[in-house]
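Novice: One structure, as structure tokens, below. Some questions next.
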Amino acid sequence: MAIFKKVLIANRGEIALRVLRALQQLDIPSVAIYHDSDKHSPVVRQADETVEIVGESPTAAHLDVQQIIDICQRLGVDGVHPGYGFLSENAGFAKALAAAGITFIGPSADVIELMGDKITSRNFVQESGYPVPPSLTVDSTLLDKSRDEIESLINSVEGMKFPLVVKASAGGGGKGMSIVNSIDELEGTLRVASSEAQKYFGDDRVYLERYFSSARHIEVQILGDGVEAIHIGERECSVQRRFQKIVEEAPSPAFGEEKRMEICEVAVGIAKSANYSSAGTVEFLYTPEGEFFFLEMNTRIQVEHPVTELVYDVDLVAEQIRIAAGNSLSLRQNDIQKDGHAIECRLCAEDAFNDFMPETGKVLYLKEPVGEGVRFDSGLYVNQAITTAFDPMLAKLVVHAPTRELAIERCIAALKQLVLLGIKVNTEYLVKVLEHPQFRCGDIDTAFVNTHAQDLIAEEPTREQQQVVLAAAYLSDRATQLLLEATPEPYAAIGHWRN
Amino acid sequence: MQPIYTLNDNEHKVTPLRRNSQITLDVDGHSFDARLHWHDAHHGEITINGAPHEFYAAQDDNKLFIHFDGKVWNLTSVDEFSSASEGADSAGAVTAPMPGVVVEVYAPVGSRVEEGDAVLIIESMKLQTEIKAAVSGVVKTIGAQAGASFDKGAVLIDIDADEATES
């Protein structure tokens, strides 16, 4: 089997550690790059070689293509794994690596360009004969048209009606999206969306799509080697806040076997049309009427890939690395067998009960949940400062169980078992989601968080809970303990005779 | 030191009533017996009125984090007496937040104290509390001698602060 001599991990946090595990398993020497603020992180301690990267901000350092290529050349690196986020869907990075004789562990730059751009990929998928949602590309002349002209333009697209969603063609991760409920809101939203798209993605192209408020977000995991492509089942990712997923599971509770096969085969067809190589994800909207539409393709490993790994017993990151090294798929469609159910919860530094406001702090204590079927993917360490420099997602709790019901129970138990002190995270909120009757019966859509907002609130503490917490606080509070230790006698003495 | 803990935006006062093999605490006017056993630096078992509860605790200055009953409780602590002293005329003065009796005077008038030193012990509403020097300096006034009572708002201690700390 062809394999890399040395692989650089161009990421940080939990995914950097996840990639390192795959490299260790494949016996490939590893290089971790890190910004100064991450110098104590586990991946830096565990990788074979480490190099500090610099930049105006930690994020800028991780986006510095030339700096990363220089490190690769200096250390004899012949493969780069980009993880997710940062440079993972940057065709320019893939090209620059190729020009330097280094392999980008992902699809080819051409495929990233084709599938990474939302307008281009939607047109490609439609031309390949697969369903896309009713949509309208917005060019600069649209805003000069009269309201009637715009309205008739929208009506001319079959199935197009309000509400609509404006999306940035170069967007992703839920950024650059906004919902338009009526024609009155359209012009203003388009102008704002276009200028935001320019600001965040350096590309002002936006498009309008019909917004299905009660649809599910279903995605299919793909593996391809440029010739063959297979699917590794679907994931249900409907529970989202601010268009960002917080709970994902596999398989989806929405499907019978027939529909599952149909949507998975469409995903394989799309991947094959693109001669897709590496791991990828085809995202769909699935309506209550049973229709599904192509949304976008993610040409990288995804945050929620572990639920697929647990249910299908595959190592997706190792597969990415093997394929990028030039090997053909080691798995055939028939090898892919489903076993049980898996759920992932994203642990985010935020005040989930207060509009998901981001929180900062310091990790003072961490005790990871353990037990049968429990996986905890995290790059956290004690004394780590949690700042707003990076994404608020700190870790992922993933559980596997024979059935969905058992997986929910196991996940709730593990969330309660997790002890992360020093920063507010959304653990209690996630428990409320998993305990919700509509979640338990699998009746979820992308509006779940908003629809059930009145149920997803913090529980009022009981008096007993308050007593325990306050007594524990008082008796562990260093300020009061110093006092009690310093002056034991008066308290003990006075206490005795006073009673 | 009289800590007030803020939990879910509500303030709670916890005060020790007496201590021998266990401690009797008063929380918001309800008293109960508590006993604490540490398994390690962060993991403990607290027994309240005979019922044991596992918990984890960590502290960053006046922020306390308690993991109990499957979730994390975030608390912040303020010292009622030091916050009461903020409004006093002199940096070294501490006024009484409630009426009470002086139990013991550690530092008589004229003695030198360092910031944080205990100056006297008071008893208010059956609670004993230490009053600490807010600044380093020389004790100028003791509001009441041992056994004497005082009213709410009375100056309990006043310290002539060292010049360097007064600025």
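Residues in the structure tokens are numbered from 1 in each chain, the chains being A, B, ... in the order shown, and ligands are numbered from 1 in the order shown.
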With only C-alpha atoms as the counted atoms, please give the residues lying no more than 12 Å from Asp204 in chain A, apart from itself and same-chain residues fewer than 2 positions off, as a list in words.
Specialist: Thr137, Val138, Asp139, Ser140, Val166, Lys167, Ala168, Ser169, Ala170, Gly171, Gly176, Leu190, Arg191, Val192, Ala193, Ser194, Ser195, Glu196, Ala197, Gln198, Lys199, Tyr200, Phe201, Gly202, Val206 and Tyr207 of chain A
Novice: With C-alpha atoms kept, could you save the residues just selected as a PDB file, in the first residue's frame?
Specialist:
ATOM      1  CA  THR A 137     -29.146  33.419  -8.689  1.00  0.00           C
ATOM      2  CA  VAL A 138     -28.903  37.094  -7.868  1.00  0.00           C
ATOM      3  CA  ASP A 139     -26.785  39.232 -10.142  1.00  0.00           C
ATOM      4  CA  SER A 140     -26.064  42.904  -9.789  1.00  0.00           C
ATOM      5  CA  VAL A 166     -30.457  34.250   0.984  1.00  0.00           C
ATOM      6  CA  LYS A 167     -27.160  32.403   0.869  1.00  0.00           C
ATOM      7  CA  ALA A 168     -23.661  33.444   0.013  1.00  0.00           C
ATOM      8  CA  SER A 169     -22.276  31.360  -2.825  1.00  0.00           C
ATOM      9  CA  ALA A 170     -18.907  31.116  -1.104  1.00  0.00           C
ATOM     10  CA  GLY A 171     -20.458  30.700   2.347  1.00  0.00           C
ATOM     11  CA  GLY A 176     -23.855  34.409   5.465  1.00  0.00           C
ATOM     12  CA  LEU A 190     -30.040  41.136  -0.368  1.00  0.00           C
ATOM     13  CA  ARG A 191     -27.926  44.281  -0.062  1.00  0.00           C
ATOM     14  CA  VAL A 192     -26.774  43.362   3.448  1.00  0.00           C
ATOM     15  CA  ALA A 193     -26.148  39.724   2.512  1.00  0.00           C
ATOM     16  CA  SER A 194     -24.139  40.708  -0.517  1.00  0.00           C
ATOM     17  CA  SER A 195     -21.911  43.105   1.372  1.00  0.00           C
ATOM     18  CA  GLU A 196     -21.461  40.610   4.227  1.00  0.00           C
ATOM     19  CA  ALA A 197     -20.541  37.898   1.740  1.00  0.00           C
ATOM     20  CA  GLN A 198     -17.905  40.237   0.328  1.00  0.00           C
ATOM     21  CA  LYS A 199     -16.594  40.935   3.803  1.00  0.00           C
ATOM     22  CA  TYR A 200     -16.472  37.347   5.104  1.00  0.00           C
ATOM     23  CA  PHE A 201     -15.757  35.362   1.966  1.00  0.00           C
ATOM     24  CA  GLY A 202     -14.272  37.935  -0.418  1.00  0.00           C
ATOM     25  CA  VAL A 206     -25.513  35.510  -3.317  1.00  0.00           C
ATOM     26  CA  TYR A 207     -28.536  33.511  -4.372  1.00  0.00           C
TER      27      TYR A 207
END
Novice: Give me the residues within 8 Å of range 155-162 of chain A as a PyMOL selection string, counting only C-alpha atoms and dropping any in the same chain fewer than 2 places off.
Specialist: chain A and resi 134-136+151-153+164+180-182+209-211
Novice: How would the residues just chosen look if you wrote them out with N, CA and C atoms as a PDB file, in the first residue's frame?
Specialist:
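For reference, result_16.pdb as written:
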ATOM      1  N   PRO A 134     -35.877  24.943  -5.450  1.00  0.00           N
ATOM      2  CA  PRO A 134     -36.153  26.092  -6.311  1.00  0.00           C
ATOM      3  C   PRO A 134     -35.265  27.255  -5.883  1.00  0.00           C
ATOM      4  N   SER A 135     -34.573  27.868  -6.830  1.00  0.00           N
ATOM      5  CA  SER A 135     -33.661  28.939  -6.443  1.00  0.00           C
ATOM      6  C   SER A 135     -33.448  29.919  -7.582  1.00  0.00           C
ATOM      7  N   LEU A 136     -32.858  31.031  -7.241  1.00  0.00           N
ATOM      8  CA  LEU A 136     -32.649  32.112  -8.201  1.00  0.00           C
ATOM      9  C   LEU A 136     -31.309  32.757  -7.894  1.00  0.00           C
ATOM     10  N   GLU A 151     -40.696  40.333  -8.422  1.00  0.00           N
ATOM     11  CA  GLU A 151     -41.721  39.375  -8.017  1.00  0.00           C
ATOM     12  C   GLU A 151     -42.013  38.385  -9.147  1.00  0.00           C
ATOM     13  N   SER A 152     -42.102  38.903 -10.383  1.00  0.00           N
ATOM     14  CA  SER A 152     -42.420  37.978 -11.482  1.00  0.00           C
ATOM     15  C   SER A 152     -41.232  37.066 -11.784  1.00  0.00           C
ATOM     16  N   LEU A 153     -40.031  37.583 -11.540  1.00  0.00           N
ATOM     17  CA  LEU A 153     -38.841  36.749 -11.722  1.00  0.00           C
ATOM     18  C   LEU A 153     -38.861  35.573 -10.731  1.00  0.00           C
ATOM     19  N   LEU A 164     -38.047  32.804   1.700  1.00  0.00           N
ATOM     20  CA  LEU A 164     -36.850  32.463   0.941  1.00  0.00           C
ATOM     21  C   LEU A 164     -35.642  32.579   1.873  1.00  0.00           C
ATOM     22  N   VAL A 180     -35.834  35.487   4.376  1.00  0.00           N
ATOM     23  CA  VAL A 180     -36.653  36.604   3.918  1.00  0.00           C
ATOM     24  C   VAL A 180     -38.092  36.123   3.879  1.00  0.00           C
ATOM     25  N   ASN A 181     -38.957  36.794   4.640  1.00  0.00           N
ATOM     26  CA  ASN A 181     -40.339  36.336   4.732  1.00  0.00           C
ATOM     27  C   ASN A 181     -41.255  36.937   3.683  1.00  0.00           C
ATOM     28  N   SER A 182     -40.888  38.123   3.157  1.00  0.00           N
ATOM     29  CA  SER A 182     -41.782  38.759   2.183  1.00  0.00           C
ATOM     30  C   SER A 182     -40.959  39.621   1.245  1.00  0.00           C
ATOM     31  N   GLU A 209     -33.039  31.026  -2.345  1.00  0.00           N
ATOM     32  CA  GLU A 209     -33.524  29.658  -2.409  1.00  0.00           C
ATOM     33  C   GLU A 209     -34.815  29.605  -1.623  1.00  0.00           C
ATOM     34  N   ARG A 210     -35.729  28.733  -2.019  1.00  0.00           N
ATOM     35  CA  ARG A 210     -36.934  28.574  -1.217  1.00  0.00           C
ATOM     36  C   ARG A 210     -36.531  28.015   0.143  1.00  0.00           C
ATOM     37  N   TYR A 211     -37.109  28.579   1.201  1.00  0.00           N
ATOM     38  CA  TYR A 211     -36.771  28.125   2.547  1.00  0.00           C
ATOM     39  C   TYR A 211     -37.853  27.172   3.042  1.00  0.00           C
TER      40      TYR A 211
END
Novice: Compare A:Gln481, A:Gln417, A:Gln320, A:Thr446 by their minimum atom-to-atom distance to chain B, counting only C-alpha atoms, and give me the closest one.
Specialist: A:Gln417
Novice: Might you pull out every residue within 9 Å of Ala479 in chain A, with only C-alpha atoms counted and same-chain residues fewer than 2 positions away left off, and present them as a list in words?
Specialist: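 Everything that qualifies: Tyr474, Ser476, Asp477, Gln481, Leu482 and Leu483 of chain A; Met1, Pro3, Asp61 and Asn62 of chain B.
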Novice: I'd like the neighbourhood of range 74-76 of chain B as a PyMOL selection string, where a residue qualifies if any of its atoms comes within 9 Å (using only C-alpha atoms), though same-chain residues fewer than 6 positions away should be ignored.
Specialist: (chain A and resi 421-424+470+473) or (chain B and resi 4-8+62-67)
